[in-house]
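A.B. asks: Sending over start33.cif (mmCIF, C-alpha atoms).
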data_input
loop_
_atom_site.label_atom_id
_atom_site.label_comp_id
_atom_site.auth_asym_id
_atom_site.auth_seq_id
_atom_site.Cartn_x
_atom_site.Cartn_y
_atom_site.Cartn_z
CA MET A 1 -126.17 86.50 39.53
CA THR A 2 -125.33 89.31 41.97
CA THR A 3 -121.71 89.42 43.11
CA ILE A 4 -121.52 88.83 46.85
CA ARG A 5 -119.28 91.37 48.54
CA LYS A 6 -120.61 91.73 52.08
CA ILE A 7 -122.66 89.41 54.30
CA GLY A 8 -124.00 89.62 57.83
CA ILE A 9 -123.99 86.85 60.41
CA LEU A 10 -126.02 86.53 63.61
CA THR A 11 -126.80 84.01 66.33
CA GLY A 12 -130.28 83.82 67.88
CA GLY A 13 -132.22 81.87 70.48
CA GLY A 14 -130.66 79.81 73.25
CA ASP A 15 -126.92 79.28 73.13
CA ALA A 16 -125.41 75.94 72.13
CA PRO A 17 -121.85 74.63 72.00
CA GLY A 18 -120.63 75.06 68.42
CA LEU A 19 -121.98 78.52 67.64
CA ASN A 20 -118.48 79.99 67.59
CA ALA A 21 -117.32 77.18 65.31
CA VAL A 22 -119.98 78.18 62.76
CA ILE A 23 -119.00 81.86 63.00
CA ARG A 24 -115.35 80.93 62.49
CA ALA A 25 -116.14 78.79 59.43
CA VAL A 26 -118.30 81.49 57.83
CA VAL A 27 -115.74 84.22 58.40
CA LYS A 28 -112.81 82.17 57.11
CA ALA A 29 -114.65 80.79 54.07
CA ALA A 30 -115.97 84.24 53.16
CA HIS A 31 -112.62 85.96 53.70
CA ASN A 32 -110.88 83.49 51.40
CA SER A 33 -113.43 84.41 48.72
CA GLN A 34 -112.89 88.17 49.25
CA VAL A 35 -116.26 88.59 50.97
CA GLU A 36 -116.52 90.91 53.97
CA VAL A 37 -118.40 89.63 57.04
CA ILE A 38 -120.31 91.87 59.43
CA GLY A 39 -121.01 90.37 62.83
CA LEU A 40 -124.48 91.34 64.10
CA GLU A 41 -124.70 91.28 67.88
CA ASP A 42 -127.62 89.95 69.92
CA SER A 43 -129.46 88.32 67.05
CA PHE A 44 -131.48 90.69 64.83
CA ASP A 45 -130.80 93.51 67.28
CA GLY A 46 -127.56 93.91 65.33
CA LEU A 47 -129.63 95.19 62.41
CA ILE A 48 -131.82 97.41 64.55
CA TYR A 49 -129.11 99.28 66.41
CA PRO A 50 -126.12 100.38 64.27
CA GLU A 51 -123.72 100.24 67.21
CA LYS A 52 -124.34 96.48 67.52
CA SER A 53 -122.41 95.48 64.40
CA ARG A 54 -118.75 95.08 63.59
CA ILE A 55 -116.46 93.69 60.89
CA LEU A 56 -115.24 90.17 61.57
CA THR A 57 -111.91 88.96 60.20
CA PRO A 58 -110.08 85.66 60.60
CA ARG A 59 -108.05 87.36 63.33
CA ASP A 60 -111.25 87.91 65.32
CA CYS A 61 -112.02 84.20 65.11
CA THR A 62 -108.65 82.92 66.24
CA GLY A 63 -109.06 80.49 69.14
CA ILE A 64 -112.86 80.43 69.22
CA LEU A 65 -113.37 76.98 67.67
CA ARG A 66 -113.17 75.28 71.06
CA LEU A 67 -115.23 77.86 72.97
CA GLY A 68 -118.86 77.53 74.03
CA GLY A 69 -121.32 80.41 73.86
CA THR A 70 -121.16 82.95 71.04
CA ILE A 71 -118.87 85.93 70.51
CA LEU A 72 -121.84 87.77 68.97
CA GLY A 73 -124.22 87.34 71.86
CA THR A 74 -127.73 86.01 71.46
CA VAL A 75 -131.32 86.89 72.33
CA ASN A 76 -134.11 84.47 73.19
CA ARG A 77 -137.41 86.34 73.18
CA GLY A 78 -140.99 85.96 72.03
CA ASP A 79 -142.48 87.25 68.79
CA PRO A 80 -140.42 90.36 67.87
CA PHE A 81 -143.01 91.40 65.27
CA ALA A 82 -145.68 91.84 67.94
CA GLU A 83 -144.58 95.23 69.27
CA PRO A 84 -142.92 98.33 67.76
CA ILE A 85 -139.30 98.98 68.74
CA VAL A 86 -137.86 102.15 70.19
CA THR A 87 -134.42 103.32 69.03
CA PRO A 88 -132.48 106.59 69.33
CA ASP A 89 -133.69 107.30 65.79
CA GLY A 90 -137.34 106.89 66.72
CA THR A 91 -140.03 104.20 66.99
CA PHE A 92 -140.21 101.64 64.18
CA ASN A 93 -142.03 98.56 63.04
CA TYR A 94 -139.64 95.70 63.80
CA GLY A 95 -139.74 94.11 60.36
CA ASP A 96 -139.44 97.37 58.46
CA ARG A 97 -136.50 98.51 60.58
CA VAL A 98 -134.54 95.30 59.99
CA VAL A 99 -135.09 95.46 56.22
CA GLU A 100 -134.17 99.14 56.15
CA MET A 101 -130.93 98.60 58.09
CA PHE A 102 -130.03 95.57 55.97
CA GLN A 103 -130.18 97.80 52.92
CA ARG A 104 -128.50 100.76 54.61
CA MET A 105 -125.56 98.56 55.65
CA LYS A 106 -125.28 97.40 52.01
CA LEU A 107 -125.38 93.74 52.92
CA ASP A 108 -125.83 91.23 50.14
CA ALA A 109 -127.04 88.35 52.33
CA LEU A 110 -127.41 87.06 55.88
CA VAL A 111 -126.33 83.88 57.65
CA CYS A 112 -128.80 83.28 60.48
CA ILE A 113 -127.83 80.67 63.07
CA GLY A 114 -130.53 79.54 65.45
CA GLY A 115 -133.28 77.19 66.51
CA ASP A 116 -136.95 77.01 65.63
CA GLY A 117 -137.72 80.56 66.77
CA THR A 118 -134.83 82.13 64.86
CA LEU A 119 -135.65 80.04 61.79
CA ALA A 120 -139.25 81.29 61.87
CA ILE A 121 -138.15 84.93 62.20
CA SER A 122 -135.60 84.45 59.42
CA TYR A 123 -138.26 82.99 57.14
CA GLU A 124 -140.41 86.07 57.65
CA PHE A 125 -137.51 88.29 56.62
CA TYR A 126 -136.80 86.09 53.62
CA LYS A 127 -140.40 86.64 52.53
CA LYS A 128 -139.80 90.38 52.95
CA GLY A 129 -136.98 90.17 50.43
CA ILE A 130 -133.83 89.64 52.51
CA PRO A 131 -131.61 86.99 50.89
CA LEU A 132 -130.48 84.63 53.64
CA VAL A 133 -129.35 81.14 54.53
CA CYS A 134 -130.00 79.53 57.92
CA VAL A 135 -127.90 77.20 60.04
CA PRO A 136 -129.87 74.97 62.47
CA LYS A 137 -128.83 75.17 66.12
CA THR A 138 -130.30 73.41 69.13
CA ILE A 139 -129.14 71.02 71.81
CA ASP A 140 -132.68 69.57 71.70
CA ASN A 141 -132.15 68.08 68.19
CA ASP A 142 -135.79 68.83 67.36
CA ILE A 143 -135.40 70.71 64.08
CA VAL A 144 -137.08 69.02 61.13
CA GLY A 145 -135.01 68.09 58.08
CA THR A 146 -131.62 67.58 59.69
CA THR A 147 -130.44 64.33 61.23
CA SER A 148 -128.56 66.25 63.91
CA CYS A 149 -127.74 69.78 65.01
CA PHE A 150 -124.50 70.92 66.56
CA GLY A 151 -124.78 71.19 70.33
CA PHE A 152 -126.77 67.98 70.66
CA ASP A 153 -123.75 65.69 70.87
CA THR A 154 -122.15 67.96 73.50
CA ALA A 155 -125.33 68.02 75.60
CA VAL A 156 -125.67 64.23 75.40
CA ASP A 157 -122.01 63.77 76.29
CA PHE A 158 -122.37 65.96 79.39
CA ALA A 159 -125.61 64.29 80.48
CA THR A 160 -124.05 60.86 80.03
CA ASP A 161 -121.09 61.85 82.21
CA ALA A 162 -123.50 63.08 84.89
CA ILE A 163 -125.43 59.79 84.78
CA ASP A 164 -122.15 57.86 85.06
CA ARG A 165 -121.28 59.82 88.21
CA LEU A 166 -124.70 59.25 89.74
CA HIS A 167 -124.38 55.48 89.38
CA SER A 168 -121.78 55.24 92.14
CA THR A 169 -123.66 57.31 94.70
CA ALA A 170 -126.99 55.65 93.83
CA GLU A 171 -125.48 52.20 94.29
CA ALA A 172 -123.71 53.15 97.53
CA HIS A 173 -126.97 54.30 99.14
CA ARG A 174 -129.30 51.93 97.28
CA ARG A 175 -131.34 54.88 96.07
CA ILE A 176 -133.42 55.82 93.09
CA MET A 177 -131.75 58.75 91.30
CA CYS A 178 -133.89 60.82 88.92
CA VAL A 179 -131.98 62.96 86.44
CA GLU A 180 -133.82 65.73 84.57
CA VAL A 181 -132.38 66.73 81.20
CA MET A 182 -133.37 69.39 78.68
CA GLY A 183 -135.11 68.82 75.36
CA ARG A 184 -138.40 70.69 75.70
CA TYR A 185 -141.08 68.65 73.89
CA ALA A 186 -138.67 66.14 72.34
CA GLY A 187 -136.93 63.27 74.11
CA TRP A 188 -133.73 63.04 72.08
CA ILE A 189 -131.32 64.06 74.86
CA ALA A 190 -133.03 61.86 77.45
CA LEU A 191 -133.09 58.85 75.13
CA HIS A 192 -129.51 59.07 73.91
CA SER A 193 -127.93 59.96 77.25
CA GLY A 194 -130.11 57.43 79.04
CA VAL A 195 -129.00 54.59 76.79
CA ALA A 196 -125.37 55.74 76.80
CA GLY A 197 -125.41 56.09 80.60
CA GLY A 198 -127.08 52.74 81.27
CA ALA A 199 -130.30 54.17 82.73
CA ASP A 200 -132.93 51.72 83.92
CA VAL A 201 -135.90 53.98 83.14
CA ILE A 202 -136.16 56.69 80.47
CA LEU A 203 -139.17 59.00 80.46
CA ILE A 204 -139.71 61.07 77.31
CA PRO A 205 -142.53 63.36 76.10
CA GLU A 206 -143.40 61.07 73.20
CA ILE A 207 -144.37 58.21 75.54
CA PRO A 208 -146.65 59.33 78.41
CA TYR A 209 -145.72 57.29 81.45
CA ASP A 210 -147.49 55.35 84.21
CA LEU A 211 -145.40 55.46 87.38
CA THR A 212 -146.92 52.23 88.65
CA LYS A 213 -145.18 50.55 85.71
CA VAL A 214 -141.93 52.30 86.59
CA ALA A 215 -142.28 51.18 90.22
CA GLU A 216 -142.76 47.58 89.02
CA CYS A 217 -139.50 47.83 87.07
CA ILE A 218 -137.66 49.12 90.13
CA ARG A 219 -139.10 46.43 92.42
CA TYR A 220 -138.08 43.80 89.88
CA ARG A 221 -134.52 45.13 89.94
CA ASP A 222 -134.52 44.98 93.74
CA ALA A 223 -135.74 41.38 93.64
CA TRP A 224 -132.75 40.16 91.63
CA GLY A 225 -130.21 42.17 93.59
CA ALA A 226 -129.87 45.53 91.85
CA ARG A 227 -130.80 47.73 94.80
CA PHE A 228 -130.50 51.06 92.98
CA SER A 229 -132.05 52.54 89.84
CA ILE A 230 -131.29 55.43 87.50
CA VAL A 231 -134.29 57.24 86.02
CA VAL A 232 -133.65 59.77 83.23
CA VAL A 233 -136.49 62.28 82.87
CA ALA A 234 -136.87 64.61 79.90
CA GLU A 235 -138.08 68.04 81.05
CA GLY A 236 -141.12 67.66 78.78
CA ALA A 237 -142.04 64.15 79.95
CA HIS A 238 -145.43 63.72 81.56
CA ALA A 239 -147.73 61.10 83.01
CA LYS A 240 -150.73 59.84 81.11
CA ASP A 241 -153.61 62.33 81.29
CA GLU A 242 -151.26 65.00 82.72
CA LYS A 243 -149.17 67.86 81.40
CA ALA A 244 -145.45 68.30 81.91
CA ALA A 245 -144.32 70.31 84.94
CA VAL A 246 -143.98 74.03 84.21
CA ILE A 247 -141.79 76.57 86.00
CA GLU A 248 -143.37 79.55 84.26
CA GLU A 249 -146.49 79.75 82.14
CA ALA A 250 -146.43 81.24 78.64
CA HIS A 251 -146.85 85.02 78.65
CA ASP A 252 -146.35 88.06 76.42
CA GLY A 253 -145.27 86.02 73.43
CA HIS A 254 -142.86 83.87 75.46
CA VAL A 255 -143.35 80.11 75.50
CA GLU A 256 -143.78 78.24 78.78
CA ARG A 257 -140.69 77.23 80.72
CA LEU A 258 -140.60 73.54 81.46
CA GLY A 259 -139.02 72.08 84.59
CA GLY A 260 -139.72 70.16 87.77
CA GLU A 261 -140.74 66.81 86.29
CA ALA A 262 -137.86 64.91 87.93
CA MET A 263 -138.83 66.27 91.35
CA ARG A 264 -142.41 65.14 90.80
CA VAL A 265 -141.30 61.70 89.59
CA ALA A 266 -138.87 61.24 92.50
CA LYS A 267 -141.52 62.09 95.10
CA GLN A 268 -144.08 59.69 93.66
CA LEU A 269 -141.60 56.86 93.12
CA GLY A 270 -140.50 57.19 96.73
CA ASP A 271 -144.11 56.80 97.84
CA LEU A 272 -144.73 53.87 95.50
CA THR A 273 -141.56 51.89 96.29
CA GLY A 274 -140.65 52.96 99.80
CA LYS A 275 -137.09 53.59 98.60
CA GLU A 276 -134.99 56.69 99.17
CA THR A 277 -135.13 58.90 96.11
CA ARG A 278 -133.15 61.92 95.00
CA TYR A 279 -133.40 64.11 91.92
CA VAL A 280 -130.87 66.17 89.97
CA VAL A 281 -131.66 68.86 87.38
CA LEU A 282 -128.82 69.33 84.90
CA GLY A 283 -130.36 72.46 83.41
CA HIS A 284 -128.11 74.95 81.64
CA LEU A 285 -124.99 72.94 82.43
CA GLN A 286 -125.92 71.05 79.25
CA ARG A 287 -125.49 74.23 77.21
CA GLY A 288 -122.17 75.27 78.69
CA GLY A 289 -118.56 74.39 77.94
CA GLY A 290 -116.76 73.71 74.72
CA PRO A 291 -118.25 71.60 71.91
CA THR A 292 -117.27 67.99 71.32
CA ALA A 293 -115.15 67.10 68.31
CA PHE A 294 -118.29 65.92 66.49
CA ASP A 295 -120.07 69.22 67.07
CA ARG A 296 -117.00 71.25 66.05
CA VAL A 297 -116.82 69.38 62.76
CA LEU A 298 -120.58 69.57 62.08
CA ALA A 299 -120.68 73.28 62.90
CA THR A 300 -117.73 73.91 60.60
CA ARG A 301 -119.37 72.00 57.77
CA PHE A 302 -122.60 73.96 58.27
CA GLY A 303 -120.75 77.29 58.15
CA GLY A 304 -118.84 76.40 55.01
CA ALA A 305 -121.98 75.13 53.29
CA ALA A 306 -123.87 78.34 54.16
CA VAL A 307 -121.22 80.50 52.49
CA GLU A 308 -121.21 78.25 49.45
CA LEU A 309 -124.99 78.58 49.04
CA ILE A 310 -124.79 82.36 49.30
CA GLN A 311 -122.07 82.52 46.66
CA ARG A 312 -124.26 80.41 44.38
CA GLY A 313 -127.21 82.73 44.96
CA VAL A 314 -129.28 80.04 46.69
CA PHE A 315 -131.40 81.64 49.43
CA GLY A 316 -134.32 80.81 51.67
CA LYS A 317 -132.67 77.53 52.63
CA MET A 318 -131.43 75.83 55.76
CA VAL A 319 -128.29 73.71 55.63
CA ALA A 320 -129.03 70.24 56.97
CA ASN A 321 -127.08 67.16 57.98
CA ASN A 322 -128.15 64.33 55.69
CA PRO A 323 -125.27 61.86 56.19
CA PRO A 324 -122.87 61.73 54.53
CA ASP A 325 -123.79 65.10 52.99
CA ILE A 326 -124.73 68.61 54.06
CA VAL A 327 -127.70 69.60 51.93
CA PRO A 328 -129.96 72.67 51.52
CA ILE A 329 -133.65 72.33 52.35
CA PRO A 330 -136.33 75.04 52.00
CA LEU A 331 -137.11 77.00 55.15
CA ALA A 332 -140.78 76.61 54.26
CA ASP A 333 -140.43 72.87 54.92
CA VAL A 334 -138.91 73.43 58.37
CA VAL A 335 -140.69 76.35 60.04
CA GLY A 336 -143.57 75.51 62.36
CA ARG A 337 -142.68 71.83 62.70
CA THR A 338 -140.95 69.83 65.44
CA LYS A 339 -138.92 66.63 65.09
CA THR A 340 -139.84 64.30 67.93
CA VAL A 341 -138.67 60.77 68.71
CA PRO A 342 -140.59 58.25 66.55
CA LEU A 343 -142.15 55.46 68.58
CA ASP A 344 -140.56 52.92 66.23
CA TYR A 345 -137.11 54.56 66.42
CA ASP A 346 -134.50 51.80 66.53
CA LEU A 347 -132.90 53.13 69.73
CA VAL A 348 -136.25 52.93 71.50
CA THR A 349 -136.66 49.35 70.28
CA THR A 350 -133.12 48.45 71.32
CA ALA A 351 -133.53 50.02 74.75
CA ARG A 352 -136.73 48.05 75.34
CA ALA A 353 -134.98 44.84 74.29
CA MET A 354 -132.32 45.55 76.91
CA GLY A 355 -134.92 45.93 79.64
CA VAL A 356 -135.19 49.71 79.83
CA SER A 357 -138.62 50.84 81.00
CA PHE A 358 -140.37 53.79 79.36
CA GLY A 359 -143.20 53.63 81.87
CA ASP A 360 -145.82 52.60 79.33
#
Mind turning this structure into structure tokens?

C.D. replies:
Amino acid sequence: MTTIRKIGILTGGGDAPGLNAVIRAVVKAAHNSQVEVIGLEDSFDGLIYPEKSRILTPRDCTGILRLGGTILGTVNRGDPFAEPIVTPDGTFNYGDRVVEMFQRMKLDALVCIGGDGTLAISYEFYKKGIPLVCVPKTIDNDIVGTTSCFGFDTAVDFATDAIDRLHSTAEAHRRIMCVEVMGRYAGWIALHSGVAGGADVILIPEIPYDLTKVAECIRYRDAWGARFSIVVVAEGAHAKDEKAAVIEEAHDGHVERLGGEAMRVAKQLGDLTGKETRYVVLGHLQRGGGPTAFDRVLATRFGGAAVELIQRGVFGKMVANNPPDIVPIPLADVVGRTKTVPLDYDLVTTARAMGVSFGD
């Protein structure tokens, strides 16, 4: 087994509360095992441009556990293998340049923290011979193989607080309030925050909705005296025989940007019920701020487990939360798949039993 002396760490894709907690855990665990850590800035760009890397010590990680964002910066772009890259040293093939710089920097392994896009890129580099371990990151909670990802609990907590605040103004004006939350093509944030916030309607991508059914639910509430309603809308939710609302179509290797579904739902519900409606889009507020205690602990466990796998010479894996354990699973079993809300998920069943409408 090769002795591990120096490892690189990077964060890729969209930011999520808890990234700094993972960095801190990796740096501290590695340092205590006499392993040097090189921080790679702006995802894999840190391997492309030499000036975007620096040594990380425990001193550099002091105080970052509670901070959102990432001290290394992050990049969320399309397929980086599609086009050659231009550097001061010349024009290179993206994959070849990363492998070359990995070797030139004399790294023994990488810790790659990111969502589905970063995991897919990392898997390609693993197949090119770079020893690495991945840490799953997404507020959407849609990565296969792990019960939860850090950032999800924080996003749900924020969304729940927003829903709580909207209750009072909705009730005061007897309005329908539609709240749009993130999640892309998975309804985890909408479902969990909707149940936690006492929403009356929850619209998720996995269950295409019929707004006439939603209007019936709202009229029923009016009939027995509840003159307001809270509707939580996942950004990827959509009506039957329709697609989700899109802000920007896919282009140049970038995926489509979802958004606007709550506005569409609010307008149609106003027409169907005759009630005043308003909509709120929480957007990137769900990504901001410090991580919850749960996410800090999960991120720390992920970081420690990643260093342990590297020291054991176990590569091509993603650390995953499989309560009560953190376990390694092959990247090949994760890449290219999405974890969506099962229709028989117990929280869906419980919500239905409590009278929540999913518009189906």

A.B. asks: Per residue of region 269-323 of chain A within 12 Å of region 334-337 of chain A, which atom pair is closest and at what distance in Å (one decimal), using all atoms listed in the file, listed by chain and increasing number, as a Markdown table?

C.D. replies:
| residue | atom | partner | partner_atom | distance |
| --- | --- | --- | --- | --- |
| A:Gly316 | CA | A:Val334 | CA | 11.0 |
| A:Lys317 | CA | A:Val334 | CA | 9.4 |
| A:Met318 | CA | A:Val334 | CA | 8.3 |
| A:Val319 | CA | A:Val334 | CA | 11.0 |
| A:Ala320 | CA | A:Val334 | CA | 10.5 |

A.B. asks: One decimal, Å: what's the distance from CA of Phe102 (chain A) over to CA of Ile329 (chain A), could you say?

C.D. replies: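 According to the coordinates, CA of Phe102 (chain A) and CA of Ile329 (chain A) are separated by 23.8 Å.
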
A.B. asks: Would you mind listing what lies within 10 Å of Arg97 (chain A) as a list of chain:residue names, with all atoms listed in the file counted and same-chain residues fewer than 3 positions away left out?

C.D. replies: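 Returned residues: A:Leu47, A:Ile48, A:Tyr49, A:Pro84, A:Ile85, A:Thr87, A:Thr91, A:Phe92, A:Asn93, A:Tyr94, A:Glu100, A:Met101, A:Phe102, A:Gln103.
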
A.B. asks: Between CA of Thr74 (chain A) and CA of Ser43 (chain A), measure the distance and give it in Å to one decimal.

C.D. replies: 5.3 Å

A.B. asks: CA of Thr277 (chain A) to CA of Met177 (chain A): how many Å, to one decimal?

C.D. replies: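 CA of Thr277 (chain A) sits 5.9 Å away from CA of Met177 (chain A).
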
A.B. asks: Please identify all polymer residues within 8 Å of Gly289 (chain A), counting all atoms listed in the file, omitting same-chain residues fewer than 4 positions from it, and present them as a ChimeraX atom specification.

C.D. replies: /A:17,67-69,285

A.B. asks: Specify as a PDB file with C-alpha atoms, in the frame of the given file each residue included when the PyMOL selection byres ((chain A and resi 295-309) around 8) is applied to this file.

C.D. replies:
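As a result, expr_31.pdb now contains:
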ATOM      1  CA  PRO A  17    -121.850  74.630  72.000  1.00  0.00           C
ATOM      2  CA  GLY A  18    -120.630  75.060  68.420  1.00  0.00           C
ATOM      3  CA  LEU A  19    -121.980  78.520  67.640  1.00  0.00           C
ATOM      4  CA  ALA A  21    -117.320  77.180  65.310  1.00  0.00           C
ATOM      5  CA  VAL A  22    -119.980  78.180  62.760  1.00  0.00           C
ATOM      6  CA  ILE A  23    -119.000  81.860  63.000  1.00  0.00           C
ATOM      7  CA  ARG A  24    -115.350  80.930  62.490  1.00  0.00           C
ATOM      8  CA  ALA A  25    -116.140  78.790  59.430  1.00  0.00           C
ATOM      9  CA  VAL A  26    -118.300  81.490  57.830  1.00  0.00           C
ATOM     10  CA  ALA A  29    -114.650  80.790  54.070  1.00  0.00           C
ATOM     11  CA  ALA A  30    -115.970  84.240  53.160  1.00  0.00           C
ATOM     12  CA  LEU A  65    -113.370  76.980  67.670  1.00  0.00           C
ATOM     13  CA  ARG A  66    -113.170  75.280  71.060  1.00  0.00           C
ATOM     14  CA  VAL A 111    -126.330  83.880  57.650  1.00  0.00           C
ATOM     15  CA  VAL A 133    -129.350  81.140  54.530  1.00  0.00           C
ATOM     16  CA  CYS A 134    -130.000  79.530  57.920  1.00  0.00           C
ATOM     17  CA  VAL A 135    -127.900  77.200  60.040  1.00  0.00           C
ATOM     18  CA  CYS A 149    -127.740  69.780  65.010  1.00  0.00           C
ATOM     19  CA  PHE A 150    -124.500  70.920  66.560  1.00  0.00           C
ATOM     20  CA  GLY A 151    -124.780  71.190  70.330  1.00  0.00           C
ATOM     21  CA  PHE A 152    -126.770  67.980  70.660  1.00  0.00           C
ATOM     22  CA  ASP A 153    -123.750  65.690  70.870  1.00  0.00           C
ATOM     23  CA  THR A 154    -122.150  67.960  73.500  1.00  0.00           C
ATOM     24  CA  PRO A 291    -118.250  71.600  71.910  1.00  0.00           C
ATOM     25  CA  THR A 292    -117.270  67.990  71.320  1.00  0.00           C
ATOM     26  CA  ALA A 293    -115.150  67.100  68.310  1.00  0.00           C
ATOM     27  CA  PHE A 294    -118.290  65.920  66.490  1.00  0.00           C
ATOM     28  CA  ILE A 310    -124.790  82.360  49.300  1.00  0.00           C
ATOM     29  CA  GLN A 311    -122.070  82.520  46.660  1.00  0.00           C
ATOM     30  CA  ARG A 312    -124.260  80.410  44.380  1.00  0.00           C
ATOM     31  CA  GLY A 313    -127.210  82.730  44.960  1.00  0.00           C
ATOM     32  CA  VAL A 314    -129.280  80.040  46.690  1.00  0.00           C
ATOM     33  CA  PHE A 315    -131.400  81.640  49.430  1.00  0.00           C
ATOM     34  CA  VAL A 319    -128.290  73.710  55.630  1.00  0.00           C
ATOM     35  CA  ALA A 320    -129.030  70.240  56.970  1.00  0.00           C
ATOM     36  CA  ILE A 326    -124.730  68.610  54.060  1.00  0.00           C
TER      37      ILE A 326
END

A.B. asks: Go through A:Glu51, A:Glu261, A:Asp60, A:Asp222 one by one, measure the shortest atom-to-atom distance of each to Val37 (chain A) using all atoms listed in the file, and give the residue with the smallest value.

C.D. replies: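 Answer, going by the shortest atom-to-atom distance: A:Asp60.
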
A.B. asks: Could you check which residues have any atom within 9 Å of (-138.6, 75.2, 76.8), counting all atoms listed in the file with coordinates taken straight from the file, and then list them as a PyMOL selection string?

C.D. replies: chain A and resi 182-185+235-236+255-259

A.B. asks: Restricting the calculation to only C-alpha atoms: of A:Glu180, A:Asp333, A:Asp241, A:Asp346, which residue gets closest to Ala266 (chain A)?

C.D. replies: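 Of the candidates, the smallest distance to Ala266 (chain A) is held by A:Glu180.
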
A.B. asks: Identify which of the residues A:Gly288, A:Gly145, A:Pro80, A:Pro342 lies closest to Ile204 (chain A), counting only C-alpha atoms when measuring atom-to-atom distances.

C.D. replies: A:Pro342

A.B. asks: Could you list, as an MDAnalysis selection string, every residue within 8 Å of Phe44 (chain A), counting all atoms listed in the file and ignoring same-chain residues fewer than 3 positions away?

C.D. replies: chainID A and resid 10 12 40:41 47:48 98

A.B. asks: Nearest to Glu83 (chain A) among A:Gly95, A:Gly290, A:Pro323, A:Gly225, with distances taken over only C-alpha atoms: which residue is it?

C.D. replies: A:Gly95

A.B. asks: List, as number ranges by chain, every residue that the PyMOL selection byres ((chain A and resi 57) around 9) selects in the file provided.

C.D. replies: A: 27-28, 31, 36-38, 55-56, 58-61

A.B. asks: Go ahead and dump the residues you just picked, C-alpha atoms, as a PDB file, in the coordinates of the input.

C.D. replies:
ATOM      1  CA  VAL A  27    -115.740  84.220  58.400  1.00  0.00           C
ATOM      2  CA  LYS A  28    -112.810  82.170  57.110  1.00  0.00           C
ATOM      3  CA  HIS A  31    -112.620  85.960  53.700  1.00  0.00           C
ATOM      4  CA  GLU A  36    -116.520  90.910  53.970  1.00  0.00           C
ATOM      5  CA  VAL A  37    -118.400  89.630  57.040  1.00  0.00           C
ATOM      6  CA  ILE A  38    -120.310  91.870  59.430  1.00  0.00           C
ATOM      7  CA  ILE A  55    -116.460  93.690  60.890  1.00  0.00           C
ATOM      8  CA  LEU A  56    -115.240  90.170  61.570  1.00  0.00           C
ATOM      9  CA  PRO A  58    -110.080  85.660  60.600  1.00  0.00           C
ATOM     10  CA  ARG A  59    -108.050  87.360  63.330  1.00  0.00           C
ATOM     11  CA  ASP A  60    -111.250  87.910  65.320  1.00  0.00           C
ATOM     12  CA  CYS A  61    -112.020  84.200  65.110  1.00  0.00           C
TER      13      CYS A  61
END

A.B. asks: Go through A:Gly260, A:Gly115, A:Gly283, A:Gly359 one by one, measure the shortest atom-to-atom distance of each to Val144 (chain A) using all atoms listed in the file, and give the residue with the smallest value.

C.D. replies: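 Ranked by minimum distance to Val144 (chain A), first place goes to A:Gly115.
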
A.B. asks: Please list as a list in words every residue within 12 Å of Asp344 (chain A), counting all atoms listed in the file and excluding residues in the same chain fewer than 5 positions away.

C.D. replies: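 Here the answer would be Glu206, Ile207, Thr349, Thr350, Ala351 and Arg352 of chain A.
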
A.B. asks: Looking at all atoms listed in the file, which of A:Leu347, A:Val195, A:Leu331, A:Val280 is the one that sits closest to Ile121 (chain A)?

C.D. replies: A:Leu331

A.B. asks: When you look at Arg287 (chain A) with a cut-off of 7 Å (counting all atoms listed in the file), what residues show up, excluding the ones that are within fewer than 4 positions of it in the same chain? I need them as JSON, numbers by chain.

C.D. replies: {"A": [15, 16, 17, 155]}

A.B. asks: As a tab-separated table (two decimals), keeping the file's coordinate frame, could you write out region 268-276 of chain A once it has been completed with N, CA and C atoms?

C.D. replies:
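Output contents, as saved in out-v6.tsv:
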chain	number	residue	atom	x	y	z
A	268	GLN	N	-143.08	60.74	93.82
A	268	GLN	CA	-144.08	59.69	93.66
A	268	GLN	C	-143.45	58.31	93.68
A	269	LEU	N	-142.26	58.17	93.09
A	269	LEU	CA	-141.60	56.86	93.12
A	269	LEU	C	-141.20	56.48	94.55
A	270	GLY	N	-140.81	57.47	95.34
A	270	GLY	CA	-140.50	57.19	96.73
A	270	GLY	C	-141.71	56.66	97.47
A	271	ASP	N	-142.87	57.26	97.21
A	271	ASP	CA	-144.11	56.80	97.84
A	271	ASP	C	-144.50	55.41	97.36
A	272	LEU	N	-144.30	55.15	96.07
A	272	LEU	CA	-144.73	53.87	95.50
A	272	LEU	C	-143.81	52.70	95.87
A	273	THR	N	-142.53	52.98	96.05
A	273	THR	CA	-141.56	51.89	96.29
A	273	THR	C	-141.05	51.83	97.72
A	274	GLY	N	-141.20	52.92	98.47
A	274	GLY	CA	-140.65	52.96	99.80
A	274	GLY	C	-139.15	53.16	99.84
A	275	LYS	N	-138.54	53.40	98.68
A	275	LYS	CA	-137.09	53.59	98.60
A	275	LYS	C	-136.73	55.08	98.71
A	276	GLU	N	-135.50	55.32	99.18
A	276	GLU	CA	-134.99	56.69	99.17
A	276	GLU	C	-134.84	57.16	97.73
